[in-house]
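Reviewing the structure listed below.
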Amino acid sequence: MNLKLEAAREALKAVRSGDRLGLGTGSTAEELVKLLGAALAEGALRDIRCTCTSQRTEALAVSLGIPCFTLNELAPLDLAIDGADEIDAQLRLIKGRGGALLREKIVEQSAARFIVIADDSKIVEKLGVGVLPVEVTPFACEVLLRKLAEFQPVQRGTFVTDEGNVILDVRVPETMDIADAVARIREHAGVIDTGFFPTEASEAIIAGAAGVRRLKRKT
Ligand code: 5RP
């Protein structure tokens, strides 16, 4: 079973004709984009206007005939749908292992509702099982590699983000809360943002072998 597709299929049910929609980045978000393209082609949905969190997603959306606009043209958005790398019980996320964290955070903070879609391998007890991506300006990259030494930063090869920045993948020390780590990291000029999304997600649709379940943000 393609669990990413199952999560995307469930999320598509939340899309209404006329919506201004933010489209995420990554393999799970791409399943949603393909389903959306098919729904528009067969007339099941109409008048959807989208903005994309990456050039990669936009290229796919445009190839499927999905109307795409700049965020400026569409904001505020009705809904954003995107994947995640790690999700905890409080619906806090780590995102950005696909390199699109900055545009993702901007788009998702511009949406009235943000639905995360994922397979159940993304659920973690404590965020930071894997790396935390940090987007930094190229000018500061070498200096930040030294200043952030306690977080074991590794530059992500020659990767350049859609915003022209570079990514440092860091490790959150076992003994440190991720929010504290992010606050420390963000003190440094040159850090643009991190892949920690503490409050953005409204709900998550998680697909597993036993079916699809929803996590809702507790208010
Ligand atoms: C991209 C992201 C993705 O949403 C995240 O990496 C999940 O990707 P996938 O759906 O391929 O597992 O944050 O920057």
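We label chains A, B, ... in the order they appear in the structure tokens, count residues from 1 in each chain, and number ligands from 1 in the order shown.
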Check region 21-135 of chain A with DSSP on the backbone and list each residue it calls helix (DSSP H, G or I), as an MDAnalysis selection string. chainID A and resid 27:41 55:63 71:74 101:109 120:122
Region 176-179 of chain A environment, 9 Å, only C-alpha atoms, sequence neighbours closer than 4 positions dropped, as a count of residues only: 8
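The nearest approach to ligand 1 among the residues A:Val160, A:Leu77, A:Ala29, A:Val136, with only C-alpha atoms and all ligand atoms taken into account, belongs to A:Ala29.
The gap separating atom 13 (O, counted along the ligand's line) of ligand 1 from CA of Asp180 (chain A) is 20.8 Å, in Å to one decimal.
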Run DSSP on the backbone of this structure and report the residues of region 49-141 of chain A it assigns to strand (DSSP E), as a count of residues only. 23
Please identify all protein, DNA and RNA residues within 9 Å of ligand 1, counting only C-alpha atoms and all ligand atoms, and report them as a VMD selection string. chain A and resid 4 24 to 31 53 to 54 82 to 86 94 to 104 116 to 119 122 133 195
Spatial neighbours of Lys218 (chain A), 10 Å, only C-alpha atoms, chain gap at least 2 places, as a PDB file with N, CA and C atoms, in the first residue's frame:
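Here's the written file around_38.pdb:
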```pdb
ATOM      1  N   GLN A  90       2.321  16.749  20.040  1.00  0.00           N
ATOM      2  CA  GLN A  90       1.748  18.111  20.121  1.00  0.00           C
ATOM      3  C   GLN A  90       1.625  18.755  18.743  1.00  0.00           C
ATOM      4  N   LEU A  91       1.794  17.945  17.704  1.00  0.00           N
ATOM      5  CA  LEU A  91       1.709  18.435  16.319  1.00  0.00           C
ATOM      6  C   LEU A  91       2.809  19.435  15.991  1.00  0.00           C
ATOM      7  N   SER A 202      -2.381  22.654  11.806  1.00  0.00           N
ATOM      8  CA  SER A 202      -3.684  22.595  12.475  1.00  0.00           C
ATOM      9  C   SER A 202      -4.063  21.157  12.746  1.00  0.00           C
ATOM     10  N   GLU A 203      -3.687  20.279  11.848  1.00  0.00           N
ATOM     11  CA  GLU A 203      -4.009  18.854  11.996  1.00  0.00           C
ATOM     12  C   GLU A 203      -3.081  18.024  11.139  1.00  0.00           C
ATOM     13  N   LEU A 215      -4.711  13.620  13.651  1.00  0.00           N
ATOM     14  CA  LEU A 215      -4.285  14.272  14.891  1.00  0.00           C
ATOM     15  C   LEU A 215      -4.718  15.722  14.773  1.00  0.00           C
ATOM     16  N   LYS A 216      -5.359  16.244  15.801  1.00  0.00           N
ATOM     17  CA  LYS A 216      -5.788  17.649  15.773  1.00  0.00           C
ATOM     18  C   LYS A 216      -5.033  18.426  16.824  1.00  0.00           C
TER      19      LYS A 216
END
```
Please list as a ChimeraX atom specification every residue within 7 Å of Val170 (chain A), counting only C-alpha atoms and excluding residues in the same chain fewer than 2 positions away. /A:131-133,151-154,168,172
If we count only C-alpha atoms, what is near Glu10 (chain A) at a cut-off of 12 Å, once residues fewer than 5 positions away on the same chain are taken out, given as a ChimeraX atom specification? /A:3-5,15,31-32,35-36,81,115-118,204-207,211-214
Rounded to one decimal in Å, what is the spacing between CA of Glu135 (chain A) and CA of Ile167 (chain A)? 4.6 Å
Straight-line distance linking CA of Arg20 (chain A) with CA of Pro76 (chain A), stated in Å to one decimal: 7.9 Å
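Ranking A:Glu58, A:Glu108, A:Glu174, A:Asp120 by their shortest atom-to-atom distance to Ala209 (chain A), with only C-alpha atoms included, puts A:Asp120 first.
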